[in-house]
file start-v4.tsv (TSV, N, CA and C atoms)
chain	number	residue	atom	x	y	z
A	51	MET	N	0.84	-1.18	0.00
A	51	MET	CA	0.00	0.00	0.00
A	51	MET	C	0.89	1.25	0.00
A	52	VAL	N	0.58	2.21	-0.88
A	52	VAL	CA	1.32	3.47	-0.97
A	52	VAL	C	0.42	4.59	-0.43
A	53	ILE	N	0.97	5.35	0.48
A	53	ILE	CA	0.23	6.48	1.03
A	53	ILE	C	0.90	7.74	0.50
A	54	ASN	N	0.11	8.60	-0.10
A	54	ASN	CA	0.62	9.84	-0.65
A	54	ASN	C	0.21	10.98	0.27
A	55	TYR	N	1.17	11.53	0.98
A	55	TYR	CA	0.90	12.66	1.86
A	55	TYR	C	1.18	13.95	1.09
A	56	THR	N	0.24	14.85	1.09
A	56	THR	CA	0.44	16.12	0.41
A	56	THR	C	0.63	17.27	1.40
A	57	TYR	N	0.60	16.97	2.68
A	57	TYR	CA	0.79	18.01	3.69
A	57	TYR	C	2.23	18.50	3.65
A	58	ARG	N	2.39	19.79	3.78
A	58	ARG	CA	3.73	20.37	3.91
A	58	ARG	C	3.76	21.23	5.15
A	59	MET	N	4.89	21.32	5.74
A	59	MET	CA	5.06	22.15	6.92
A	59	MET	C	4.93	23.62	6.50
A	60	PRO	N	4.30	24.43	7.34
A	60	PRO	CA	4.25	25.86	7.02
A	60	PRO	C	5.65	26.47	7.06
A	61	THR	N	5.88	27.45	6.19
A	61	THR	CA	7.17	28.13	6.19
A	61	THR	C	7.29	29.01	7.44
A	62	VAL	N	8.50	29.41	7.73
A	62	VAL	CA	8.73	30.34	8.84
A	62	VAL	C	7.89	31.59	8.64
A	63	PHE	N	7.81	32.06	7.40
A	63	PHE	CA	7.04	33.27	7.13
A	63	PHE	C	5.54	33.06	7.39
A	64	GLU	N	5.02	31.91	7.01
A	64	GLU	CA	3.61	31.62	7.30
A	64	GLU	C	3.37	31.61	8.81
A	65	ARG	N	4.32	31.09	9.54
A	65	ARG	CA	4.18	31.05	11.00
A	65	ARG	C	4.24	32.46	11.60
A	66	ILE	N	5.05	33.33	11.00
A	66	ILE	CA	5.08	34.73	11.45
A	66	ILE	C	3.75	35.42	11.11
A	67	ILE	N	3.28	35.23	9.89
A	67	ILE	CA	2.01	35.83	9.46
A	67	ILE	C	0.87	35.39	10.38
A	68	ASN	N	0.90	34.12	10.79
A	68	ASN	CA	-0.15	33.58	11.67
A	68	ASN	C	0.12	33.81	13.14
A	69	ARG	N	1.16	34.59	13.45
A	69	ARG	CA	1.52	34.96	14.82
A	69	ARG	C	1.92	33.76	15.68
A	70	GLN	N	2.46	32.75	15.02
A	70	GLN	CA	2.98	31.60	15.75
A	70	GLN	C	4.45	31.79	16.10
A	71	LEU	N	5.10	32.74	15.43
A	71	LEU	CA	6.47	33.13	15.74
A	71	LEU	C	6.53	34.66	15.83
A	72	PRO	N	7.36	35.19	16.70
A	72	PRO	CA	7.46	36.64	16.83
A	72	PRO	C	8.27	37.27	15.70
A	73	ALA	N	8.00	38.53	15.43
A	73	ALA	CA	8.77	39.29	14.44
A	73	ALA	C	8.55	40.77	14.72
A	74	LYS	N	9.52	41.58	14.31
A	74	LYS	CA	9.36	43.03	14.37
A	74	LYS	C	8.67	43.46	13.08
A	75	ILE	N	7.41	43.85	13.20
A	75	ILE	CA	6.60	44.17	12.03
A	75	ILE	C	6.67	45.67	11.74
A	76	PHE	N	7.08	46.00	10.53
A	76	PHE	CA	7.14	47.38	10.10
A	76	PHE	C	5.82	47.80	9.45
A	77	PHE	N	5.21	46.89	8.70
A	77	PHE	CA	3.97	47.20	7.98
A	77	PHE	C	3.24	45.89	7.72
A	78	GLU	N	1.91	45.98	7.70
A	78	GLU	CA	1.11	44.82	7.35
A	78	GLU	C	-0.24	45.26	6.82
A	79	ASP	N	-0.71	44.55	5.82
A	79	ASP	CA	-2.08	44.70	5.34
A	79	ASP	C	-2.56	43.33	4.88
A	80	ASP	N	-3.61	43.27	4.09
A	80	ASP	CA	-4.16	41.97	3.70
A	80	ASP	C	-3.32	41.24	2.65
A	81	GLN	N	-2.34	41.92	2.03
A	81	GLN	CA	-1.53	41.29	0.98
A	81	GLN	C	-0.11	40.93	1.41
A	82	VAL	N	0.48	41.75	2.27
A	82	VAL	CA	1.88	41.53	2.65
A	82	VAL	C	2.10	41.78	4.14
A	83	ILE	N	3.23	41.28	4.59
A	83	ILE	CA	3.77	41.66	5.89
A	83	ILE	C	5.21	42.07	5.64
A	84	VAL	N	5.65	43.14	6.28
A	84	VAL	CA	7.02	43.63	6.14
A	84	VAL	C	7.65	43.58	7.52
A	85	ILE	N	8.73	42.81	7.63
A	85	ILE	CA	9.36	42.60	8.93
A	85	ILE	C	10.85	42.93	8.87
A	86	ALA	N	11.43	43.14	10.05
A	86	ALA	CA	12.88	43.31	10.14
A	86	ALA	C	13.54	41.96	9.92
A	87	ASP	N	14.63	41.95	9.15
A	87	ASP	CA	15.40	40.72	8.96
A	87	ASP	C	16.03	40.33	10.29
A	88	HIS	N	16.00	39.04	10.61
A	88	HIS	CA	16.58	38.54	11.85
A	88	HIS	C	18.10	38.71	11.89
A	89	TYR	N	18.72	38.71	10.73
A	89	TYR	CA	20.17	38.85	10.61
A	89	TYR	C	20.48	39.99	9.64
A	90	PRO	N	20.25	41.24	10.07
A	90	PRO	CA	20.39	42.38	9.15
A	90	PRO	C	21.81	42.54	8.63
A	91	ARG	N	21.88	42.93	7.36
A	91	ARG	CA	23.17	43.20	6.72
A	91	ARG	C	23.31	44.67	6.35
A	92	ALA	N	22.39	45.49	6.86
A	92	ALA	CA	22.43	46.93	6.63
A	92	ALA	C	21.61	47.57	7.76
A	93	PRO	N	21.81	48.88	8.01
A	93	PRO	CA	21.01	49.54	9.05
A	93	PRO	C	19.50	49.40	8.83
A	94	VAL	N	19.09	49.41	7.57
A	94	VAL	CA	17.70	49.11	7.22
A	94	VAL	C	17.73	47.81	6.42
A	95	HIS	N	17.14	46.77	6.98
A	95	HIS	CA	17.07	45.49	6.27
A	95	HIS	C	15.71	44.87	6.59
A	96	LEU	N	14.78	45.09	5.67
A	96	LEU	CA	13.41	44.61	5.84
A	96	LEU	C	13.12	43.50	4.83
A	97	LEU	N	12.20	42.62	5.19
A	97	LEU	CA	11.74	41.57	4.29
A	97	LEU	C	10.30	41.87	3.91
A	98	ILE	N	10.03	41.93	2.62
A	98	ILE	CA	8.67	42.16	2.11
A	98	ILE	C	8.14	40.79	1.70
A	99	ILE	N	7.12	40.32	2.41
A	99	ILE	CA	6.66	38.95	2.26
A	99	ILE	C	5.19	38.93	1.88
A	100	PRO	N	4.85	38.36	0.72
A	100	PRO	CA	3.43	38.24	0.39
A	100	PRO	C	2.77	37.19	1.28
A	101	LYS	N	1.50	37.40	1.57
A	101	LYS	CA	0.78	36.45	2.42
A	101	LYS	C	0.38	35.19	1.66
A	102	VAL	N	0.28	35.28	0.34
A	102	VAL	CA	0.02	34.09	-0.46
A	102	VAL	C	1.37	33.45	-0.77
A	103	VAL	N	1.50	32.18	-0.46
A	103	VAL	CA	2.78	31.50	-0.62
A	103	VAL	C	3.05	31.15	-2.07
A	104	THR	N	4.20	31.60	-2.55
A	104	THR	CA	4.77	31.17	-3.81
A	104	THR	C	6.20	30.80	-3.47
A	105	LYS	N	6.68	29.70	-4.00
A	105	LYS	CA	7.99	29.18	-3.60
A	105	LYS	C	9.14	30.15	-3.88
A	106	ASN	N	9.15	30.75	-5.08
A	106	ASN	CA	10.30	31.59	-5.43
A	106	ASN	C	9.94	32.57	-6.55
A	107	PHE	N	10.92	33.35	-6.94
A	107	PHE	CA	10.74	34.36	-7.98
A	107	PHE	C	10.29	33.74	-9.29
A	108	TYR	N	10.92	32.67	-9.69
A	108	TYR	CA	10.63	32.04	-10.98
A	108	TYR	C	9.19	31.54	-11.06
A	109	GLU	N	8.66	31.04	-9.95
A	109	GLU	CA	7.30	30.49	-9.94
A	109	GLU	C	6.23	31.55	-9.65
A	110	ALA	N	6.64	32.73	-9.28
A	110	ALA	CA	5.68	33.78	-8.92
A	110	ALA	C	4.97	34.34	-10.15
A	111	PRO	N	3.65	34.50	-10.07
A	111	PRO	CA	2.94	35.13	-11.19
A	111	PRO	C	3.30	36.61	-11.28
A	112	PRO	N	3.16	37.20	-12.46
A	112	PRO	CA	3.49	38.62	-12.64
A	112	PRO	C	2.77	39.54	-11.64
A	113	GLU	N	1.54	39.19	-11.28
A	113	GLU	CA	0.79	40.04	-10.33
A	113	GLU	C	1.49	40.11	-8.98
A	114	THR	N	2.07	38.99	-8.55
A	114	THR	CA	2.78	38.98	-7.26
A	114	THR	C	4.03	39.84	-7.35
A	115	LEU	N	4.77	39.72	-8.43
A	115	LEU	CA	5.99	40.52	-8.59
A	115	LEU	C	5.66	42.01	-8.68
A	116	ASN	N	4.62	42.36	-9.40
A	116	ASN	CA	4.20	43.77	-9.48
A	116	ASN	C	3.81	44.29	-8.12
A	117	MET	N	3.08	43.48	-7.36
A	117	MET	CA	2.66	43.88	-6.02
A	117	MET	C	3.87	44.13	-5.13
A	118	LEU	N	4.84	43.21	-5.14
A	118	LEU	CA	6.03	43.37	-4.32
A	118	LEU	C	6.82	44.62	-4.72
A	119	ASN	N	6.89	44.90	-6.00
A	119	ASN	CA	7.55	46.13	-6.46
A	119	ASN	C	6.85	47.37	-5.92
A	120	ARG	N	5.52	47.37	-5.95
A	120	ARG	CA	4.77	48.52	-5.42
A	120	ARG	C	5.06	48.72	-3.92
A	121	TYR	N	5.12	47.63	-3.18
A	121	TYR	CA	5.39	47.75	-1.75
A	121	TYR	C	6.82	48.21	-1.49
A	122	ALA	N	7.76	47.79	-2.30
A	122	ALA	CA	9.14	48.28	-2.14
A	122	ALA	C	9.19	49.79	-2.32
A	123	LYS	N	8.47	50.29	-3.31
A	123	LYS	CA	8.42	51.75	-3.52
A	123	LYS	C	7.74	52.44	-2.35
A	124	MET	N	6.67	51.86	-1.83
A	124	MET	CA	5.96	52.44	-0.69
A	124	MET	C	6.86	52.52	0.54
A	125	ILE	N	7.64	51.48	0.78
A	125	ILE	CA	8.55	51.47	1.92
A	125	ILE	C	9.61	52.55	1.76
A	126	ALA	N	10.17	52.68	0.56
A	126	ALA	CA	11.16	53.73	0.30
A	126	ALA	C	10.57	55.11	0.60
A	127	GLU	N	9.34	55.32	0.21
A	127	GLU	CA	8.67	56.60	0.48
A	127	GLU	C	8.47	56.80	1.98
A	128	LYS	N	8.01	55.76	2.68
A	128	LYS	CA	7.79	55.88	4.13
A	128	LYS	C	9.09	56.19	4.87
A	129	LEU	N	10.20	55.67	4.37
A	129	LEU	CA	11.49	55.89	5.02
A	129	LEU	C	12.21	57.13	4.51
A	130	GLY	N	11.67	57.77	3.48
A	130	GLY	CA	12.28	58.97	2.93
A	130	GLY	C	13.59	58.70	2.20
A	131	ILE	N	13.68	57.55	1.55
A	131	ILE	CA	14.93	57.18	0.88
A	131	ILE	C	14.65	56.69	-0.55
A	132	THR	N	13.83	57.42	-1.27
A	132	THR	CA	13.42	56.97	-2.61
A	132	THR	C	14.58	56.89	-3.60
A	133	ASP	N	15.70	57.51	-3.28
A	133	ASP	CA	16.83	57.47	-4.21
A	133	ASP	C	18.04	56.73	-3.64
A	134	HIS	N	17.81	55.92	-2.57
A	134	HIS	CA	18.98	55.30	-1.94
A	134	HIS	C	18.60	53.99	-1.23
A	135	PHE	N	18.34	52.95	-1.99
A	135	PHE	CA	18.04	51.64	-1.42
A	135	PHE	C	18.30	50.57	-2.47
A	136	ARG	N	18.29	49.33	-2.02
A	136	ARG	CA	18.38	48.23	-2.98
A	136	ARG	C	17.40	47.14	-2.57
A	137	VAL	N	16.96	46.41	-3.58
A	137	VAL	CA	16.05	45.29	-3.39
A	137	VAL	C	16.76	44.05	-3.91
A	138	ILE	N	16.78	43.01	-3.09
A	138	ILE	CA	17.43	41.76	-3.48
A	138	ILE	C	16.40	40.64	-3.45
A	139	ILE	N	16.43	39.81	-4.48
A	139	ILE	CA	15.54	38.66	-4.58
A	139	ILE	C	16.42	37.44	-4.83
A	140	ASN	N	16.34	36.46	-3.96
A	140	ASN	CA	17.07	35.21	-4.17
A	140	ASN	C	16.11	34.19	-4.77
A	141	ASN	N	16.59	33.46	-5.75
A	141	ASN	CA	15.78	32.42	-6.39
A	141	ASN	C	16.57	31.11	-6.35
A	142	GLY	N	16.34	30.33	-5.30
A	142	GLY	CA	17.12	29.11	-5.13
A	142	GLY	C	18.49	29.41	-4.56
A	143	TYR	N	19.37	29.98	-5.36
A	143	TYR	CA	20.72	30.35	-4.92
A	143	TYR	C	20.62	31.43	-3.85
A	144	GLY	N	21.03	31.09	-2.62
A	144	GLY	CA	20.98	32.04	-1.52
A	144	GLY	C	19.63	32.11	-0.82
A	145	GLN	N	18.64	31.43	-1.35
A	145	GLN	CA	17.29	31.46	-0.77
A	145	GLN	C	17.21	30.44	0.35
A	146	GLU	N	16.90	30.89	1.56
A	146	GLU	CA	16.84	30.00	2.71
A	146	GLU	C	15.43	29.54	3.04
A	147	ILE	N	14.43	30.29	2.61
A	147	ILE	CA	13.03	29.97	2.92
A	147	ILE	C	12.26	29.88	1.60
A	148	ASP	N	11.56	28.78	1.40
A	148	ASP	CA	10.79	28.58	0.16
A	148	ASP	C	9.47	29.34	0.20
A	149	HIS	N	9.58	30.65	0.21
A	149	HIS	CA	8.44	31.57	0.22
A	149	HIS	C	9.01	32.87	-0.32
A	150	ILE	N	8.60	33.26	-1.51
A	150	ILE	CA	9.19	34.44	-2.14
A	150	ILE	C	9.15	35.63	-1.18
A	151	HIS	N	10.24	36.38	-1.20
A	151	HIS	CA	10.31	37.61	-0.40
A	151	HIS	C	11.40	38.50	-0.98
A	152	TYR	N	11.22	39.79	-0.79
A	152	TYR	CA	12.21	40.77	-1.21
A	152	TYR	C	12.98	41.24	0.02
A	153	HIS	N	14.28	41.39	-0.13
A	153	HIS	CA	15.10	42.05	0.89
A	153	HIS	C	15.18	43.52	0.49
A	154	PHE	N	14.74	44.39	1.36
A	154	PHE	CA	14.81	45.84	1.14
A	154	PHE	C	15.91	46.35	2.07
A	155	MET	N	16.97	46.94	1.49
A	155	MET	CA	18.12	47.33	2.29
A	155	MET	C	18.59	48.75	1.96
A	156	SER	N	19.09	49.42	3.02
A	156	SER	CA	19.67	50.74	2.83
A	156	SER	C	20.55	51.07	4.04
A	157	ASP	N	21.50	51.96	3.81
A	157	ASP	CA	22.28	52.48	4.93
A	157	ASP	C	21.72	53.82	5.40
A	158	ARG	N	20.56	54.18	4.89
A	158	ARG	CA	19.87	55.41	5.30
A	158	ARG	C	18.43	55.07	5.70
A	159	GLY	N	17.82	55.99	6.43
A	159	GLY	CA	16.40	55.84	6.76
A	159	GLY	C	16.10	55.12	8.05
A	160	ALA	N	17.13	54.63	8.75
A	160	ALA	CA	16.88	53.87	9.99
A	160	ALA	C	16.16	54.71	11.03
A	161	GLU	N	16.40	56.02	11.02
A	161	GLU	CA	15.73	56.89	12.00
A	161	GLU	C	14.22	56.95	11.78
A	162	ASN	N	13.76	56.53	10.61
A	162	ASN	CA	12.32	56.54	10.31
A	162	ASN	C	11.66	55.18	10.48
A	163	LEU	N	12.44	54.18	10.90
A	163	LEU	CA	11.86	52.85	11.16
A	163	LEU	C	11.01	52.90	12.43
A	164	LYS	N	9.76	52.62	12.27
A	164	LYS	CA	8.86	52.55	13.43
A	164	LYS	C	8.09	51.25	13.31
A	165	PHE	N	8.32	50.36	14.26
A	165	PHE	CA	7.72	49.04	14.21
A	165	PHE	C	6.39	49.01	14.96
A	166	MET	N	5.50	48.16	14.50
A	166	MET	CA	4.18	48.00	15.12
A	166	MET	C	4.37	47.26	16.46
A	167	GLU	N	3.48	47.53	17.35
A	167	GLU	CA	3.51	46.83	18.65
A	167	GLU	C	2.67	45.60	18.62
call {"tool": "encode", "arguments": {"input": "start-v4.tsv", "output": "structure tokens"}}
result
Amino acid sequence: MVINYTYRMPTVFERIINRQLPAKIFFEDDQVIVIADHYPRAPVHLLIIPKVVTKNFYEAPPETLNMLNRYAKMIAEKLGITDHFRVIINNGYGQEIDHIHYHFMSDRGAENLKFME
């Protein structure tokens, strides 16, 4: 007899979204959650995470990528650094969590970081 299990463990990000794990939340709405990276590599290092799980950049539909781009611009505006930031997307290589997310990084704007309680 062969049993086919289709259950998968929730990603770390799903557990954060569902409040099963703590995180420093910078912004949240019904589409995304934006949190501080646990291991920051810049004074501003945020993760923009869609609430709908897609494994990686390659598998993400264009609507998801467009949405993430819009949120990256919104974060830059909120931090007052529209001309000084970078966005990094790992696809397999360097990707530690199978849930697409953007790394938003800058060496400016940290004074404007205000996290939700």
call {"tool": "residues_near_point", "arguments": {"input": "start-v4.tsv", "point": "(14.5, 59.0, 5.7)", "cutoff": "6 Å", "atoms": "all atoms listed in the file", "output": "PyMOL selection string"}}
result
chain A and resi 129-131+158-160+162
call {"tool": "select_by_dssp", "arguments": {"input": "start-v4.tsv", "residues": "range 72-162 of chain A", "states": "helix (DSSP H, G or I)", "output": "PyMOL selection string"}}
result
chain A and resi 112-129+160-162
call {"tool": "atom_distance", "arguments": {"input": "start-v4.tsv", "atom1": "atom C of Lys123 in chain A", "atom2": "atom C of His149 in chain A"}}
result
19.7 Å
call {"tool": "atom_distance", "arguments": {"input": "start-v4.tsv", "atom1": "CA of Ala73 in chain A", "atom2": "CA of Lys164 in chain A"}}
result
13.3 Å
call {"tool": "residues_around", "arguments": {"input": "start-v4.tsv", "residues": "Ile99 in chain A", "least_positions_apart": "6", "cutoff": "8 Å", "atoms": "all atoms listed in the file", "output": "number ranges by chain"}}
result
A: 63, 81-85, 118, 149-153
call {"tool": "closest_residue", "arguments": {"input": "start-v4.tsv", "among": "A:Arg58, A:Lys128, A:Lys105, A:Arg120", "to": "Asp148 in chain A", "atoms": "all atoms listed in the file"}}
result
A:Lys105
call {"tool": "select_by_dssp", "arguments": {"input": "start-v4.tsv", "residues": "chain A", "states": "strand (DSSP E or B)", "output": "ChimeraX atom specification"}}
result
/A:75-78,82-86,94-100,136-138,152-156
call {"tool": "decode", "arguments": {"input": "start-v4.tsv", "residues": "range 59-161 of chain A", "atoms": "C-alpha atoms", "output": "compact mmCIF listing (two decimals), in the first residue's frame"}}
result
# COMPACT_ATOMS: atom_id res chain seq x y z
CA MET A 59 5.06 22.15 6.92
CA PRO A 60 4.25 25.86 7.02
CA THR A 61 7.17 28.13 6.19
CA VAL A 62 8.73 30.34 8.84
CA PHE A 63 7.04 33.27 7.13
CA GLU A 64 3.61 31.62 7.30
CA ARG A 65 4.18 31.05 11.00
CA ILE A 66 5.08 34.73 11.45
CA ILE A 67 2.01 35.83 9.46
CA ASN A 68 -0.15 33.58 11.67
CA ARG A 69 1.52 34.96 14.82
CA GLN A 70 2.98 31.60 15.75
CA LEU A 71 6.47 33.13 15.74
CA PRO A 72 7.46 36.64 16.83
CA ALA A 73 8.77 39.29 14.44
CA LYS A 74 9.36 43.03 14.37
CA ILE A 75 6.60 44.17 12.03
CA PHE A 76 7.14 47.38 10.10
CA PHE A 77 3.97 47.20 7.98
CA GLU A 78 1.11 44.82 7.35
CA ASP A 79 -2.08 44.70 5.34
CA ASP A 80 -4.16 41.97 3.70
CA GLN A 81 -1.53 41.29 0.98
CA VAL A 82 1.88 41.53 2.65
CA ILE A 83 3.77 41.66 5.89
CA VAL A 84 7.02 43.63 6.14
CA ILE A 85 9.36 42.60 8.93
CA ALA A 86 12.88 43.31 10.14
CA ASP A 87 15.40 40.72 8.96
CA HIS A 88 16.58 38.54 11.85
CA TYR A 89 20.17 38.85 10.61
CA PRO A 90 20.39 42.38 9.15
CA ARG A 91 23.17 43.20 6.72
CA ALA A 92 22.43 46.93 6.63
CA PRO A 93 21.01 49.54 9.05
CA VAL A 94 17.70 49.11 7.22
CA HIS A 95 17.07 45.49 6.27
CA LEU A 96 13.41 44.61 5.84
CA LEU A 97 11.74 41.57 4.29
CA ILE A 98 8.67 42.16 2.11
CA ILE A 99 6.66 38.95 2.26
CA PRO A 100 3.43 38.24 0.39
CA LYS A 101 0.78 36.45 2.42
CA VAL A 102 0.02 34.09 -0.46
CA VAL A 103 2.78 31.50 -0.62
CA THR A 104 4.77 31.17 -3.81
CA LYS A 105 7.99 29.18 -3.60
CA ASN A 106 10.30 31.59 -5.43
CA PHE A 107 10.74 34.36 -7.98
CA TYR A 108 10.63 32.04 -10.98
CA GLU A 109 7.30 30.49 -9.94
CA ALA A 110 5.68 33.78 -8.92
CA PRO A 111 2.94 35.13 -11.19
CA PRO A 112 3.49 38.62 -12.64
CA GLU A 113 0.79 40.04 -10.33
CA THR A 114 2.78 38.98 -7.26
CA LEU A 115 5.99 40.52 -8.59
CA ASN A 116 4.20 43.77 -9.48
CA MET A 117 2.66 43.88 -6.02
CA LEU A 118 6.03 43.37 -4.32
CA ASN A 119 7.55 46.13 -6.46
CA ARG A 120 4.77 48.52 -5.42
CA TYR A 121 5.39 47.75 -1.75
CA ALA A 122 9.14 48.28 -2.14
CA LYS A 123 8.42 51.75 -3.52
CA MET A 124 5.96 52.44 -0.69
CA ILE A 125 8.55 51.47 1.92
CA ALA A 126 11.16 53.73 0.30
CA GLU A 127 8.67 56.60 0.48
CA LYS A 128 7.79 55.88 4.13
CA LEU A 129 11.49 55.89 5.02
CA GLY A 130 12.28 58.97 2.93
CA ILE A 131 14.93 57.18 0.88
CA THR A 132 13.42 56.97 -2.61
CA ASP A 133 16.83 57.47 -4.21
CA HIS A 134 18.98 55.30 -1.94
CA PHE A 135 18.04 51.64 -1.42
CA ARG A 136 18.38 48.23 -2.98
CA VAL A 137 16.05 45.29 -3.39
CA ILE A 138 17.43 41.76 -3.48
CA ILE A 139 15.54 38.66 -4.58
CA ASN A 140 17.07 35.21 -4.17
CA ASN A 141 15.78 32.42 -6.39
CA GLY A 142 17.12 29.11 -5.13
CA TYR A 143 20.72 30.35 -4.92
CA GLY A 144 20.98 32.04 -1.52
CA GLN A 145 17.29 31.46 -0.77
CA GLU A 146 16.84 30.00 2.71
CA ILE A 147 13.03 29.97 2.92
CA ASP A 148 10.79 28.58 0.16
CA HIS A 149 8.44 31.57 0.22
CA ILE A 150 9.19 34.44 -2.14
CA HIS A 151 10.31 37.61 -0.40
CA TYR A 152 12.21 40.77 -1.21
CA HIS A 153 15.10 42.05 0.89
CA PHE A 154 14.81 45.84 1.14
CA MET A 155 18.12 47.33 2.29
CA SER A 156 19.67 50.74 2.83
CA ASP A 157 22.28 52.48 4.93
CA ARG A 158 19.87 55.41 5.30
CA GLY A 159 16.40 55.84 6.76
CA ALA A 160 16.88 53.87 9.99
CA GLU A 161 15.73 56.89 12.00
